[in-house]
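Enquirer: Please find one structure pasted underneath; my questions will follow.
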Amino acid sequence: MLEEETRCRTCGKVVDNTIDGECESCHVQRVLHSAAPQQQQEQEQQPAQGHVTINMTPQSMEIRISPQPINLVIDEASMDQMVSQWLATRPALFDELVKQRVTQKKTELAIIRDIKSSRVN
């Protein structure tokens, strides 16, 4: 009895066994190539992860939103207006900031008075 040869339907190579009529190498290549467009399509459908960077200087604030090329620069006058309006909605925070500033000024005044009194004596 003659055994019938098993050939790969893709490359024609004689093999011991096949997977869906193909040798292992051809089968793996076909599966990878058919899955690649699907994986790429799934990646394209996923929204890009955003990243926000805030750069503050005494004169301005720059906000960068990535991956979209969005840059927002806020000048000092606009920043003052935004902060003033924001603090107006948070009176407890505003009061705390005022208390801290008054304490700082009292300390500075005490130092000045101490220096003046040491010069007089």
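The chains in the structure tokens are called A, B, ... from first to last as shown; in each chain the residues are counted from 1, and the ligands are counted from 1 in the order shown.
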Can you list, as a PyMOL selection string, all residues belonging to chain A that DSSP tags as helix (DSSP H, G or I)?

Expert: chain A and resi 24-45+76-88+91-120

Enquirer: So that I can see what lies close to Asp20 of chain A, please list as a list in words the residues with an atom at most 10 Å from it, counting only C-alpha atoms and leaving out residues fewer than 6 positions away in the same chain.

Expert: Cys8, Arg9 and His27 of chain A

Enquirer: Deliver the residues from the most recent selection as a file, using N, CA and C atoms, as a PDB file, in the first residue's frame.

Expert:
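Result saved to selection-v9.pdb:
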ATOM      1  N   CYS A   8       1.102  20.915   1.594  1.00  0.00           N
ATOM      2  CA  CYS A   8       0.555  22.206   2.037  1.00  0.00           C
ATOM      3  C   CYS A   8      -0.167  22.842   0.857  1.00  0.00           C
ATOM      4  N   ARG A   9      -1.379  23.303   1.064  1.00  0.00           N
ATOM      5  CA  ARG A   9      -2.147  23.902  -0.030  1.00  0.00           C
ATOM      6  C   ARG A   9      -1.609  25.270  -0.430  1.00  0.00           C
ATOM      7  N   HIS A  27       0.454  28.340   7.814  1.00  0.00           N
ATOM      8  CA  HIS A  27      -0.713  28.608   8.651  1.00  0.00           C
ATOM      9  C   HIS A  27      -0.453  29.791   9.592  1.00  0.00           C
TER      10      HIS A  27
END

Enquirer: Pull the strand (DSSP E) assignments for chain A out of DSSP run on the backbone, and list those residues as a PyMOL selection string.

Expert: chain A and resi 51-56+60-66+70-75

Enquirer: Write out the residues from the selection above, keeping C-alpha atoms, as an mmCIF file, in the first residue's frame.

Expert:
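Final file, part11.cif:
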data_model
loop_
_atom_site.group_PDB
_atom_site.id
_atom_site.type_symbol
_atom_site.label_atom_id
_atom_site.label_comp_id
_atom_site.auth_asym_id
_atom_site.auth_seq_id
_atom_site.Cartn_x
_atom_site.Cartn_y
_atom_site.Cartn_z
ATOM 1 C CA HIS A 51 -1.783 64.592 28.484
ATOM 2 C CA VAL A 52 -1.991 68.072 29.980
ATOM 3 C CA THR A 53 1.089 70.121 30.834
ATOM 4 C CA ILE A 54 0.829 73.396 32.732
ATOM 5 C CA ASN A 55 3.754 75.808 32.730
ATOM 6 C CA MET A 56 3.450 78.771 35.107
ATOM 7 C CA SER A 60 1.756 83.935 32.246
ATOM 8 C CA MET A 61 0.492 80.383 32.299
ATOM 9 C CA GLU A 62 0.765 78.013 29.333
ATOM 10 C CA ILE A 63 -1.459 74.945 29.082
ATOM 11 C CA ARG A 64 -0.549 72.250 26.542
ATOM 12 C CA ILE A 65 -2.961 69.481 25.699
ATOM 13 C CA SER A 66 -1.479 66.495 23.852
ATOM 14 C CA ILE A 70 -3.530 72.787 21.516
ATOM 15 C CA ASN A 71 -1.611 75.505 23.344
ATOM 16 C CA LEU A 72 -3.322 78.083 25.533
ATOM 17 C CA VAL A 73 -1.334 81.002 26.916
ATOM 18 C CA ILE A 74 -2.904 83.210 29.572
ATOM 19 C CA ASP A 75 -1.298 86.584 30.254
#

Enquirer: Go through segment 43-92 of chain A residue by residue and, counting only C-alpha atoms, keep those with an atom at most 12 Å from segment 96-113 of chain A; for each kept residue give the shortest atom pair and its distance in Å to one decimal, ordered by chain and increasing number, as JSON lines.

Expert:
{"residue": "A:Leu87", "atom": "CA", "partner": "A:Leu97", "partner_atom": "CA", "distance": 9.9}
{"residue": "A:Arg90", "atom": "CA", "partner": "A:Glu96", "partner_atom": "CA", "distance": 10.2}
{"residue": "A:Pro91", "atom": "CA", "partner": "A:Glu96", "partner_atom": "CA", "distance": 8.6}
{"residue": "A:Ala92", "atom": "CA", "partner": "A:Glu96", "partner_atom": "CA", "distance": 6.3}

Enquirer: Tell me, as a PyMOL selection string, which residues lie within 12 Å of segment 15-19 of chain A, counting only C-alpha atoms; anything in the same chain fewer than 3 positions away does not count.

Expert: chain A and resi 3-12+22-28+30-31

Enquirer: Next, write the just-selected residues to a file, as a PDB file, in the first residue's frame, keeping N, CA and C atoms as the atom set.

Expert:
ATOM      1  N   GLU A   3       1.243   5.146   0.685  1.00  0.00           N
ATOM      2  CA  GLU A   3       0.623   6.234   1.451  1.00  0.00           C
ATOM      3  C   GLU A   3       0.543   7.470   0.579  1.00  0.00           C
ATOM      4  N   GLU A   4      -0.529   8.164   0.701  1.00  0.00           N
ATOM      5  CA  GLU A   4      -0.710   9.378  -0.068  1.00  0.00           C
ATOM      6  C   GLU A   4       0.064  10.512   0.594  1.00  0.00           C
ATOM      7  N   GLU A   5       0.739  11.322  -0.216  1.00  0.00           N
ATOM      8  CA  GLU A   5       1.494  12.455   0.305  1.00  0.00           C
ATOM      9  C   GLU A   5       0.556  13.555   0.760  1.00  0.00           C
ATOM     10  N   THR A   6       0.935  14.189   1.861  1.00  0.00           N
ATOM     11  CA  THR A   6       0.168  15.347   2.331  1.00  0.00           C
ATOM     12  C   THR A   6       0.975  16.585   1.990  1.00  0.00           C
ATOM     13  N   ARG A   7       0.359  17.455   1.216  1.00  0.00           N
ATOM     14  CA  ARG A   7       1.033  18.687   0.796  1.00  0.00           C
ATOM     15  C   ARG A   7       0.303  19.904   1.354  1.00  0.00           C
ATOM     16  N   CYS A   8       1.102  20.915   1.594  1.00  0.00           N
ATOM     17  CA  CYS A   8       0.555  22.206   2.037  1.00  0.00           C
ATOM     18  C   CYS A   8      -0.167  22.842   0.857  1.00  0.00           C
ATOM     19  N   ARG A   9      -1.379  23.303   1.064  1.00  0.00           N
ATOM     20  CA  ARG A   9      -2.147  23.902  -0.030  1.00  0.00           C
ATOM     21  C   ARG A   9      -1.609  25.270  -0.430  1.00  0.00           C
ATOM     22  N   THR A  10      -0.768  25.877   0.420  1.00  0.00           N
ATOM     23  CA  THR A  10      -0.233  27.193   0.109  1.00  0.00           C
ATOM     24  C   THR A  10       1.108  27.117  -0.600  1.00  0.00           C
ATOM     25  N   CYS A  11       2.050  26.382  -0.010  1.00  0.00           N
ATOM     26  CA  CYS A  11       3.406  26.334  -0.585  1.00  0.00           C
ATOM     27  C   CYS A  11       3.679  25.047  -1.358  1.00  0.00           C
ATOM     28  N   GLY A  12       2.852  24.016  -1.170  1.00  0.00           N
ATOM     29  CA  GLY A  12       3.014  22.759  -1.884  1.00  0.00           C
ATOM     30  C   GLY A  12       4.047  21.822  -1.288  1.00  0.00           C
ATOM     31  N   GLU A  22      -2.681  23.420   5.531  1.00  0.00           N
ATOM     32  CA  GLU A  22      -1.433  24.150   5.342  1.00  0.00           C
ATOM     33  C   GLU A  22      -0.363  23.617   6.287  1.00  0.00           C
ATOM     34  N   CYS A  23       0.908  23.803   5.880  1.00  0.00           N
ATOM     35  CA  CYS A  23       1.988  23.473   6.809  1.00  0.00           C
ATOM     36  C   CYS A  23       1.951  24.500   7.943  1.00  0.00           C
ATOM     37  N   GLU A  24       2.630  24.179   9.023  1.00  0.00           N
ATOM     38  CA  GLU A  24       2.599  25.048  10.204  1.00  0.00           C
ATOM     39  C   GLU A  24       3.079  26.458   9.860  1.00  0.00           C
ATOM     40  N   SER A  25       4.133  26.567   9.090  1.00  0.00           N
ATOM     41  CA  SER A  25       4.705  27.868   8.737  1.00  0.00           C
ATOM     42  C   SER A  25       3.699  28.728   7.958  1.00  0.00           C
ATOM     43  N   CYS A  26       3.088  28.146   6.940  1.00  0.00           N
ATOM     44  CA  CYS A  26       2.116  28.899   6.141  1.00  0.00           C
ATOM     45  C   CYS A  26       0.886  29.272   6.958  1.00  0.00           C
ATOM     46  N   HIS A  27       0.454  28.340   7.814  1.00  0.00           N
ATOM     47  CA  HIS A  27      -0.713  28.608   8.651  1.00  0.00           C
ATOM     48  C   HIS A  27      -0.453  29.791   9.592  1.00  0.00           C
ATOM     49  N   VAL A  28       0.713  29.784  10.246  1.00  0.00           N
ATOM     50  CA  VAL A  28       1.056  30.872  11.174  1.00  0.00           C
ATOM     51  C   VAL A  28       1.104  32.204  10.425  1.00  0.00           C
ATOM     52  N   ARG A  30      -0.437  33.044   7.642  1.00  0.00           N
ATOM     53  CA  ARG A  30      -1.785  33.462   7.237  1.00  0.00           C
ATOM     54  C   ARG A  30      -2.553  34.036   8.411  1.00  0.00           C
ATOM     55  N   VAL A  31      -2.458  33.376   9.572  1.00  0.00           N
ATOM     56  CA  VAL A  31      -3.186  33.840  10.755  1.00  0.00           C
ATOM     57  C   VAL A  31      -2.666  35.209  11.195  1.00  0.00           C
TER      58      VAL A  31
END
